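So this block is model15.cif, mmCIF, C-alpha atoms:
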data_start
loop_
_atom_site.label_atom_id
_atom_site.label_comp_id
_atom_site.auth_asym_id
_atom_site.auth_seq_id
_atom_site.Cartn_x
_atom_site.Cartn_y
_atom_site.Cartn_z
CA MET A 1 0.00 0.00 0.00
CA SER A 2 1.38 3.40 -0.99
CA ILE A 3 2.19 5.92 1.74
CA LEU A 4 2.33 8.84 -0.70
CA PRO A 5 -0.65 11.19 -0.20
CA LYS A 6 -0.82 12.19 -3.89
CA LYS A 7 0.72 11.07 -7.16
CA ASN A 8 0.76 12.49 -10.67
CA GLN A 9 0.19 10.52 -13.86
CA LEU A 10 3.68 9.00 -13.66
CA GLY A 11 3.25 7.97 -10.03
CA PHE A 12 5.44 10.72 -8.54
CA PHE A 13 4.99 12.96 -5.53
CA GLU A 14 6.97 16.08 -6.42
CA ILE A 15 8.49 18.91 -4.38
CA ARG A 16 10.14 22.09 -5.68
CA LEU A 17 12.32 24.31 -3.51
CA GLU A 18 12.71 27.98 -4.51
CA SER A 19 15.68 29.78 -3.02
CA ILE A 20 18.75 31.91 -3.59
CA GLY A 21 22.38 30.84 -3.40
CA GLY A 22 23.68 30.70 0.16
CA LEU A 23 20.55 29.51 1.98
CA GLY A 24 21.28 25.81 1.51
CA ALA A 25 18.35 24.70 -0.67
CA ASN A 26 20.57 22.40 -2.71
CA LEU A 27 21.77 20.55 0.41
CA ALA A 28 18.24 20.55 1.82
CA GLY A 29 16.96 18.81 -1.32
CA LYS A 30 19.66 16.15 -1.07
CA MET A 31 18.95 15.50 2.60
CA LEU A 32 15.18 15.39 2.03
CA ALA A 33 15.52 12.83 -0.75
CA GLU A 34 17.97 10.78 1.31
CA ALA A 35 15.59 10.65 4.27
CA GLY A 36 12.74 9.39 2.06
CA VAL A 37 14.86 6.78 0.28
CA LEU A 38 16.91 5.42 3.20
CA GLY A 39 14.36 6.03 5.92
CA LEU A 40 11.16 4.85 4.23
CA GLY A 41 12.37 2.71 1.34
CA LEU A 42 10.83 4.97 -1.31
CA ASN A 43 12.39 5.51 -4.69
CA GLY A 44 13.52 9.10 -5.02
CA SER A 45 15.67 11.52 -6.93
CA ASN A 46 17.02 15.01 -6.37
CA PHE A 47 18.79 17.58 -8.51
CA SER A 48 19.09 21.35 -8.67
CA THR A 49 19.24 24.07 -11.30
CA TYR A 50 20.93 27.42 -11.02
CA GLY A 51 22.85 29.92 -13.10
CA SER A 52 26.14 31.31 -11.88
CA GLU A 53 27.04 29.66 -8.58
CA LYS A 54 27.08 32.75 -6.43
CA LYS A 55 25.45 33.99 -3.27
CA GLY A 56 22.14 35.68 -3.95
CA SER A 57 21.34 34.18 -7.37
CA PRO A 58 18.07 32.18 -7.85
CA VAL A 59 18.27 28.43 -7.18
CA LYS A 60 15.73 25.64 -7.64
CA SER A 61 15.98 22.20 -6.06
CA TYR A 62 13.73 19.31 -7.12
CA ILE A 63 12.71 16.16 -5.22
CA ARG A 64 10.69 13.27 -6.63
CA PHE A 65 9.33 10.38 -4.57
CA CYS A 66 7.55 7.27 -5.80
CA ASP A 67 6.65 3.79 -4.57
CA PRO A 68 9.44 1.18 -4.45
CA ASP A 69 8.02 -0.69 -7.47
CA THR A 70 7.96 2.45 -9.65
CA GLU A 71 11.09 3.42 -11.57
CA ILE A 72 12.10 7.05 -11.97
CA ARG A 73 12.87 7.65 -15.62
CA ALA A 74 11.99 11.36 -15.67
CA HIS A 75 14.79 13.81 -14.97
CA SER A 76 13.22 17.02 -16.20
CA PRO A 77 12.63 20.02 -13.90
CA ILE A 78 9.44 19.80 -11.84
CA GLU A 79 6.78 22.02 -13.41
CA GLU A 80 3.68 20.84 -11.53
CA PRO A 81 4.73 20.29 -7.90
CA HIS A 82 2.52 19.11 -5.06
CA VAL A 83 4.57 21.11 -2.54
CA ILE A 84 6.65 24.28 -2.98
CA GLY A 85 9.15 25.50 -0.40
CA VAL A 86 10.09 29.20 -0.67
CA PHE A 87 13.30 29.79 1.28
CA HIS A 88 13.37 33.54 0.58
CA GLU A 89 10.02 35.32 0.32
CA ALA A 90 11.36 38.31 -1.68
CA LEU A 91 11.96 35.90 -4.58
CA TYR A 92 8.46 36.70 -5.84
CA LYS A 93 9.91 39.97 -7.15
CA MET A 94 12.16 38.06 -9.55
CA VAL A 95 10.58 34.61 -9.98
CA ASP A 96 7.03 33.26 -10.22
CA VAL A 97 7.64 30.89 -7.31
CA VAL A 98 4.15 29.32 -7.30
CA SER A 99 3.90 28.60 -11.03
CA GLY A 100 2.47 25.17 -11.81
CA LEU A 101 0.92 24.67 -8.35
CA ALA A 102 -2.28 22.60 -8.17
CA PRO A 103 -5.42 24.08 -6.53
CA ASP A 104 -4.91 21.76 -3.55
CA GLY A 105 -1.13 22.30 -3.42
CA ILE A 106 0.86 23.50 -0.42
CA VAL A 107 3.27 26.45 -0.32
CA LEU A 108 5.73 26.76 2.56
CA VAL A 109 7.23 30.25 3.01
CA ASN A 110 10.06 31.47 5.23
CA SER A 111 8.49 34.64 6.66
CA VAL A 112 7.26 36.46 9.76
CA ARG A 113 4.37 38.18 7.97
CA GLY A 114 0.67 37.36 8.09
CA PHE A 115 -0.98 34.84 5.79
CA ASP A 116 -3.03 37.36 3.83
CA ASP A 117 -0.05 39.60 3.06
CA ILE A 118 2.00 36.67 1.78
CA ARG A 119 -0.93 35.34 -0.19
CA ARG A 120 -1.36 38.70 -1.90
CA ASP A 121 2.28 39.02 -2.87
CA LEU A 122 2.49 35.47 -4.18
CA GLN A 123 -0.84 35.87 -6.00
CA LEU A 124 -1.98 32.61 -4.44
CA ASP A 125 -5.72 32.26 -5.06
CA TYR A 126 -6.27 28.99 -3.23
CA GLY A 127 -4.45 26.09 -1.64
CA THR A 128 -2.68 25.71 1.69
CA LEU A 129 -0.18 28.31 2.85
CA ALA A 130 2.36 27.30 5.50
CA VAL A 131 4.54 29.91 7.20
CA VAL A 132 7.59 29.48 9.43
CA ASP A 133 10.17 31.98 10.69
CA ALA A 134 13.08 29.86 9.51
CA LEU A 135 15.52 32.78 9.56
CA GLY A 136 14.64 33.68 13.13
CA ILE A 137 15.11 30.08 14.25
CA ALA A 138 18.43 29.82 12.42
CA VAL A 139 19.73 33.05 13.99
CA GLU A 140 18.79 31.94 17.49
CA GLU A 141 20.28 28.45 17.07
CA LYS A 142 23.32 29.73 15.09
CA THR A 143 22.55 27.42 12.17
CA LYS A 144 21.19 27.92 8.64
CA VAL A 145 17.75 28.49 7.19
CA ASN A 146 17.68 25.16 5.33
CA THR A 147 17.47 22.97 8.47
CA ALA A 148 14.49 24.93 9.83
CA MET A 149 12.80 24.71 6.43
CA LEU A 150 13.41 20.96 6.39
CA GLY A 151 11.62 20.65 9.72
CA ALA A 152 8.62 22.55 8.36
CA LEU A 153 8.69 20.48 5.14
CA PHE A 154 8.50 17.27 7.18
CA ARG A 155 5.42 18.65 8.91
CA VAL A 156 3.92 19.48 5.49
CA CYS A 157 4.86 16.06 4.06
CA ASP A 158 3.52 14.09 7.01
CA PHE A 159 4.22 10.73 5.32
CA LEU A 160 7.94 11.30 5.93
CA ASP A 161 9.59 10.14 9.16
CA PRO A 162 11.22 12.97 11.18
CA GLU A 163 13.47 10.48 12.96
CA ALA A 164 14.93 9.42 9.61
CA MET A 165 15.76 13.07 8.91
CA LYS A 166 17.53 13.43 12.24
CA GLU A 167 19.74 10.47 11.34
CA VAL A 168 20.55 12.13 8.01
CA ILE A 169 21.45 15.35 9.85
CA ARG A 170 23.78 13.42 12.17
CA LYS A 171 25.45 11.63 9.27
CA THR A 172 25.81 14.87 7.29
CA PHE A 173 27.46 16.91 10.04
CA GLU A 174 29.10 14.51 12.51
CA LYS A 175 32.39 14.01 10.63
CA LYS A 176 33.29 17.56 9.57
CA TYR A 177 31.15 19.65 11.94
CA PRO A 178 30.32 17.54 15.01
CA HIS A 179 29.67 20.66 17.10
CA LEU A 180 26.77 21.57 14.79
CA VAL A 181 24.86 18.28 15.07
CA GLU A 182 22.73 19.06 18.12
CA ALA A 183 22.11 22.68 17.05
CA ASN A 184 20.83 21.52 13.67
CA ILE A 185 18.59 18.89 15.25
CA ARG A 186 17.11 21.58 17.53
CA THR A 187 16.62 23.80 14.47
CA PHE A 188 14.88 20.95 12.64
CA GLU A 189 12.57 20.26 15.59
CA ARG A 190 11.67 23.94 15.97
CA GLY A 191 10.86 24.22 12.27
CA TYR A 192 8.66 21.13 12.60
CA HIS A 193 6.71 22.46 15.59
CA GLU A 194 6.57 26.20 14.82
CA VAL A 195 5.17 26.10 11.27
CA ARG A 196 1.65 27.55 10.91
CA PHE A 197 -1.01 26.67 8.32
CA GLN A 198 -3.87 28.47 6.59
CA THR A 199 -6.04 26.84 3.91
CA TYR A 200 -7.88 28.79 1.21
CA GLU A 201 -10.58 26.59 -0.24
CA ALA A 202 -10.57 26.17 -4.00
CA PRO A 203 -13.82 26.32 -6.00
CA ALA A 204 -14.94 23.24 -7.89
CA ASN A 205 -13.77 24.63 -11.22
CA ALA A 206 -10.35 25.78 -9.96
CA GLU A 207 -7.46 25.23 -12.36
CA ARG A 208 -3.78 24.65 -11.79
CA LYS A 209 -1.61 27.77 -11.96
CA SER A 210 0.07 27.95 -15.34
CA PHE A 211 3.76 27.15 -15.38
CA SER A 212 6.04 29.85 -16.76
CA ARG A 213 9.58 29.21 -17.89
CA LEU A 214 11.89 32.14 -18.54
CA GLU A 215 13.13 32.11 -22.11
CA PRO A 216 16.34 33.82 -23.25
CA LEU A 217 15.84 37.03 -25.20
CA LEU A 218 18.42 35.99 -27.79
CA GLY A 219 18.45 32.55 -29.42
CA TYR A 220 20.12 30.88 -32.37
CA GLU A 221 17.90 32.77 -34.80
CA THR A 222 18.09 36.20 -33.17
CA GLN A 223 21.64 36.29 -31.76
CA GLU A 224 23.85 38.99 -33.28
CA ILE A 225 26.89 37.82 -35.23
CA GLY A 226 29.84 37.53 -32.90
CA GLY A 227 27.62 37.45 -29.84
CA ILE A 228 27.33 41.23 -29.67
CA ILE A 229 24.46 42.63 -27.60
CA THR A 230 23.46 45.95 -29.15
CA ALA A 231 21.10 47.02 -26.34
CA ASN A 232 22.27 49.79 -24.04
CA ALA A 233 23.39 48.86 -20.54
CA ASN A 234 20.60 48.97 -17.94
CA SER A 235 22.29 48.14 -14.65
CA ILE A 236 20.87 51.27 -13.01
CA PHE A 237 17.45 49.59 -13.14
CA LYS A 238 18.57 46.41 -11.35
CA ASP A 239 17.02 45.59 -8.00
CA LEU A 240 19.13 43.39 -5.72
CA SER A 241 16.71 43.41 -2.78
CA GLY A 242 15.67 39.86 -3.64
CA SER A 243 19.26 38.69 -3.10
CA ARG A 244 19.45 39.70 0.55
CA GLN A 245 19.37 36.80 2.98
CA GLY A 246 17.53 38.57 5.77
CA PHE A 247 20.20 41.08 6.81
CA LEU A 248 21.32 44.50 5.60
CA PRO A 249 23.63 47.30 6.81
CA LYS A 250 22.15 50.02 9.02
CA TRP A 251 23.88 53.41 8.90
CA GLU A 252 24.15 55.85 11.83
CA MET A 253 25.18 59.31 10.61
CA GLU A 254 26.38 60.47 14.06
CA LYS A 255 29.16 57.85 14.13
CA CYS A 256 30.24 58.27 10.50
CA ILE A 257 33.59 59.95 9.67
CA HIS A 258 32.98 59.77 5.88
CA CYS A 259 36.19 57.81 5.30
CA ALA A 260 34.73 55.90 2.33
CA ALA A 261 36.01 52.54 3.59
CA CYS A 262 32.49 51.19 3.01
CA ASP A 263 32.41 52.44 -0.58
CA THR A 264 35.81 50.91 -1.26
CA VAL A 265 34.66 47.37 -0.42
CA CYS A 266 31.09 47.63 -1.73
CA PRO A 267 30.71 45.46 -4.87
CA ASP A 268 27.67 47.44 -6.01
CA PHE A 269 26.53 51.05 -6.18
CA CYS A 270 24.97 51.29 -2.74
CA PHE A 271 26.46 54.35 -1.06
CA VAL A 272 25.24 57.84 -1.97
CA TRP A 273 27.68 60.74 -1.64
CA GLU A 274 27.27 64.47 -1.84
CA GLU A 275 29.84 67.24 -2.11
CA GLY A 276 30.08 69.66 0.80
CA GLU A 277 32.52 71.63 2.94
CA ASP A 278 34.20 70.57 6.15
CA LYS A 279 34.62 72.80 9.23
CA LYS A 280 37.58 74.58 7.59
CA GLY A 281 35.70 75.28 4.38
CA ARG A 282 37.49 72.64 2.34
CA LYS A 283 35.52 70.65 -0.22
CA GLN A 284 34.84 67.05 0.79
CA MET A 285 32.47 64.22 -0.10
CA PHE A 286 29.96 63.36 2.61
CA LEU A 287 27.99 60.13 2.87
CA LYS A 288 24.24 60.80 2.66
CA GLY A 289 22.92 57.25 3.00
CA ILE A 290 22.40 53.88 1.33
CA ASP A 291 20.41 53.10 -1.80
CA TYR A 292 19.05 49.71 -0.77
CA GLN A 293 17.90 48.99 -4.32
CA TYR A 294 21.49 47.96 -5.08
CA CYS A 295 22.29 46.29 -1.74
CA LYS A 296 22.44 42.48 -1.75
CA GLY A 297 23.29 42.26 1.95
CA CYS A 298 26.88 41.06 1.67
CA LEU A 299 27.76 43.18 4.75
CA LYS A 300 31.35 43.79 3.61
CA CYS A 301 30.80 47.44 4.50
CA VAL A 302 30.00 46.49 8.11
CA GLU A 303 33.31 44.64 8.40
CA ALA A 304 35.23 47.58 6.88
CA CYS A 305 33.66 50.40 8.92
CA PRO A 306 36.19 51.63 11.53
CA THR A 307 33.67 53.48 13.73
CA ALA A 308 30.72 51.03 13.84
CA ALA A 309 28.60 53.55 11.94
CA LEU A 310 27.44 50.58 9.87
CA THR A 311 25.97 47.64 11.77
CA GLU A 312 24.33 44.39 10.79
CA CYS A 313 20.54 44.63 10.98
CA ARG A 314 17.90 41.98 10.43
CA GLU A 315 15.69 43.24 7.64
CA GLU A 316 12.10 44.03 8.48
CA ILE A 317 9.34 44.65 5.98
CA GLY A 318 9.45 48.28 4.84
CA PHE A 319 12.80 49.13 6.49
CA ALA A 320 14.72 49.47 3.21
CA GLU A 321 11.99 51.54 1.56
CA LYS A 322 11.80 53.89 4.56
CA HIS A 323 15.54 54.47 4.97
CA THR A 324 16.84 54.33 1.39
CA VAL A 325 18.55 57.38 -0.14
CA LYS A 326 18.27 57.26 -3.90
CA GLN A 327 21.22 57.61 -6.22
CA LYS A 328 21.19 60.50 -8.69
CA PHE A 329 22.01 59.80 -12.32
CA PRO A 330 22.09 63.22 -14.03
CA MET A 331 23.41 61.85 -17.33
CA VAL A 332 20.33 59.61 -17.64
CA LEU A 333 18.16 62.72 -17.43
CA GLY A 334 20.32 64.61 -19.93
CA GLY A 335 22.14 66.69 -17.33
CA ASN A 336 25.82 67.22 -16.58
CA TYR A 337 28.06 66.12 -13.75
#
Using structure tokens, write down the structure from this file.
Amino acid sequence: MSILPKKNQLGFFEIRLESIGGLGANLAGKMLAEAGVLGLGLNGSNFSTYGSEKKGSPVKSYIRFCDPDTEIRAHSPIEEPHVIGVFHEALYKMVDVVSGLAPDGIVLVNSVRGFDDIRRDLQLDYGTLAVVDALGIAVEEKTKVNTAMLGALFRVCDFLDPEAMKEVIRKTFEKKYPHLVEANIRTFERGYHEVRFQTYEAPANAERKSFSRLEPLLGYETQEIGGIITANANSIFKDLSGSRQGFLPKWEMEKCIHCAACDTVCPDFCFVWEEGEDKKGRKQMFLKGIDYQYCKGCLKCVEACPTAALTECREEIGFAEKHTVKQKFPMVLGGNY
């Protein structure tokens, strides 16, 4: 008798994890598949897709489970998942994280916000929404987001055995990081117990959300000879807020000596400067603030600041919008420097 709660036409129960590089979704997918295969005797597979392997870039991890007598011959990305785990809620700004979800599907989101706010941003009409403060748990336990999300995923996928996952955690960490074993098990247990659920009933005629796959703008028929891109650069329009992993730098003007150490180490165009005069009437550049549109939360500026004018701050909803100081691009508007 099958223990899988649902199966598609091929006999698979499918899970898709949406994340950004650095939060551990790839490892979480491997551990989740391992717990189902070794702990319950299911057939399973796991693989991930991502672009450049860097912190902050979008990542997807896929897990398929099926009964022991069913062979897995499909290795394509999961387009119609039964469960979606969103490791970083701001991903909705860049990626349609709930595409392909069935009307009775389940979405797990790492967030501290209310159900209705998350539902609105994800454009989730119906289904079950699960919310857990995975980042808060990870900060308190000094671990990573992925273990807390795994705990919540095991609560969502109640056919899986939590004890099998704990054994996988021990085996994963005990050789290289034995001091992290118990902390990660506590993180897993807290994720399992602290996840909250809200179900939005689907009407009888509800349809699955359409799956959208990003297509490249230039292909073999439209690529310029020599690989030249003739479009003008547009990096001033980029928004890196979706790459932050829950933390950003907070600036205190009273402590700042305008030494520009932060600007020297910043890999992006975050710090806004303005010309002024010092106490002796000499011209000098003064820091006016941070344009959080370009901040991916690397916190290199915090490490470089000699006066603690920049400190690490856990990001709260609306903080960046309230405290951002916008960059000025006079040449874009036809002006002069």
### Query
Expanded to explicit residues, what is the PyMOL selection byres ((chain A and resi 170) around 12) for this file, as a PyMOL selection string?
chain A and resi 31+35+163-169+171-186+188
### Message
I'd like to know which of A:Leu42, A:Val59, A:Val107, A:Ile84 is closest to Leu23 (chain A), using only C-alpha atoms.
### Response
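Closest residue, counting only C-alpha atoms: A:Val59.
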Find the residues near Leu153 (chain A): any atom within 9 Å, counting only C-alpha atoms, skip ones fewer than 5 places away on the same chain, and give them as a PDB file with C-alpha atoms, in the frame of the given file.
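Contents of result_38.pdb, as written:
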ATOM      1  CA  LEU A  32      15.180  15.390   2.030  1.00  0.00           C
ATOM      2  CA  VAL A  83       4.570  21.110  -2.540  1.00  0.00           C
ATOM      3  CA  GLY A  85       9.150  25.500  -0.400  1.00  0.00           C
ATOM      4  CA  LEU A 108       5.730  26.760   2.560  1.00  0.00           C
ATOM      5  CA  ALA A 148      14.490  24.930   9.830  1.00  0.00           C
ATOM      6  CA  ASP A 158       3.520  14.090   7.010  1.00  0.00           C
ATOM      7  CA  GLY A 191      10.860  24.220  12.270  1.00  0.00           C
ATOM      8  CA  TYR A 192       8.660  21.130  12.600  1.00  0.00           C
TER       9      TYR A 192
END
### Message
Applying 6 Å and all atoms listed in the file, which residues near region 252-264 of chain A remain after dropping the ones on its own chain fewer than 6 positions away? List them as a ChimeraX atom specification.
### Response
/A:286-287,301,304,309
### Task
Evaluate the PyMOL selection byres ((chain A and resi 41) around 12) on the structure here and hand back the selected residues as a PyMOL selection string.
chain A and resi 2-4+33-40+42-44+65-70+160-161+164
### Task
Using CA of Pro267 (chain A) and CA of Arg282 (chain A) as the two end points, give the distance in Å to one decimal.
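Answer for the CA of Pro267 (chain A) to CA of Arg282 (chain A) separation: 28.9 Å.
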### Query
Could you spell out the hits of the PyMOL selection byres ((chain A and resi 138) around 10) on the shown file, as a PyMOL selection string?
chain A and resi 133-137+139-149+183-184+186-188+190-191
Taking only C-alpha atoms into account, produce a table as a tab-separated table in which each residue of region 294-334 of chain A with an atom at most 12 Å from an atom of region 236-244 of chain A appears once, together with its shortest atom pair and the distance in Å to one decimal, ordered by chain and rising number.
residue	atom	partner	partner_atom	distance
A:Tyr294	CA	A:Leu240	CA	5.2
A:Cys295	CA	A:Leu240	CA	5.9
A:Lys296	CA	A:Arg244	CA	4.7
A:Gly297	CA	A:Arg244	CA	4.8
A:Cys298	CA	A:Arg244	CA	7.6
A:Leu299	CA	A:Arg244	CA	9.9
A:Cys313	CA	A:Arg244	CA	11.6
A:Arg314	CA	A:Arg244	CA	10.3
A:Glu315	CA	A:Arg244	CA	8.8
A:Glu316	CA	A:Arg244	CA	11.6
A:Ile317	CA	A:Ser241	CA	11.5
A:Gly318	CA	A:Ser241	CA	11.6
A:Phe319	CA	A:Ser241	CA	11.6
A:Ala320	CA	A:Ser241	CA	8.8
A:Glu321	CA	A:Ser241	CA	10.4
A:Thr324	CA	A:Ser241	CA	11.7
A:Lys326	CA	A:Ile236	CA	11.2
A:Gln327	CA	A:Ile236	CA	9.3
A:Lys328	CA	A:Ile236	CA	10.2
A:Phe329	CA	A:Ile236	CA	8.6
A:Met331	CA	A:Ile236	CA	11.7
A:Val332	CA	A:Ile236	CA	9.6
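Counting from CA of Ala202 (chain A), the distance to CA of Asp117 (chain A) is 18.5 Å.
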### Message
I want to know what sits within 12 Å of Gly100 (chain A), based on only C-alpha atoms, with residues of the same chain fewer than 5 positions away left out; could you give that as a list of chain:residue names?
### Response
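Counting only C-alpha atoms, the residues come to A:Glu14, A:Ile15, A:Arg16, A:Pro77, A:Ile78, A:Glu79, A:Glu80, A:Pro81, A:His82, A:Val83, A:Ile84, A:Gly105, A:Ile106, A:Val107, A:Leu124, A:Glu207, A:Arg208, A:Lys209, A:Ser210, A:Phe211, A:Ser212, A:Arg213.
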### Query
Could you pull the residues within 7 Å of region 109-115 of chain A, counting all atoms listed in the file, minus those fewer than 6 positions along the same chain, as a PyMOL selection string?
chain A and resi 85-89+130-134
#### Entry: Nearest-residue call for Glu312 (chain A), choices A:Asn205, A:Gln293, A:Thr49, A:Gln245, using all atoms listed in the file
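Among the listed residues, the smallest separation from Glu312 (chain A) belongs to A:Gln245.
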### Message
One number please: CA of Ser48 (chain A) to CA of Lys60 (chain A), in Å, one decimal.
### Response
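About the pair CA of Ser48 (chain A) and CA of Lys60 (chain A): they are 5.5 Å apart.
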Find the axis-aligned box for region 269-282 of chain A, covering all its listed atoms and adding 8 Å on each side, and write its centre and edge lengths in Å to one decimal as JSON.
{"center_x": 31.3, "center_y": 63.2, "center_z": 1.5, "size_x": 28.6, "size_y": 40.2, "size_z": 31.4}
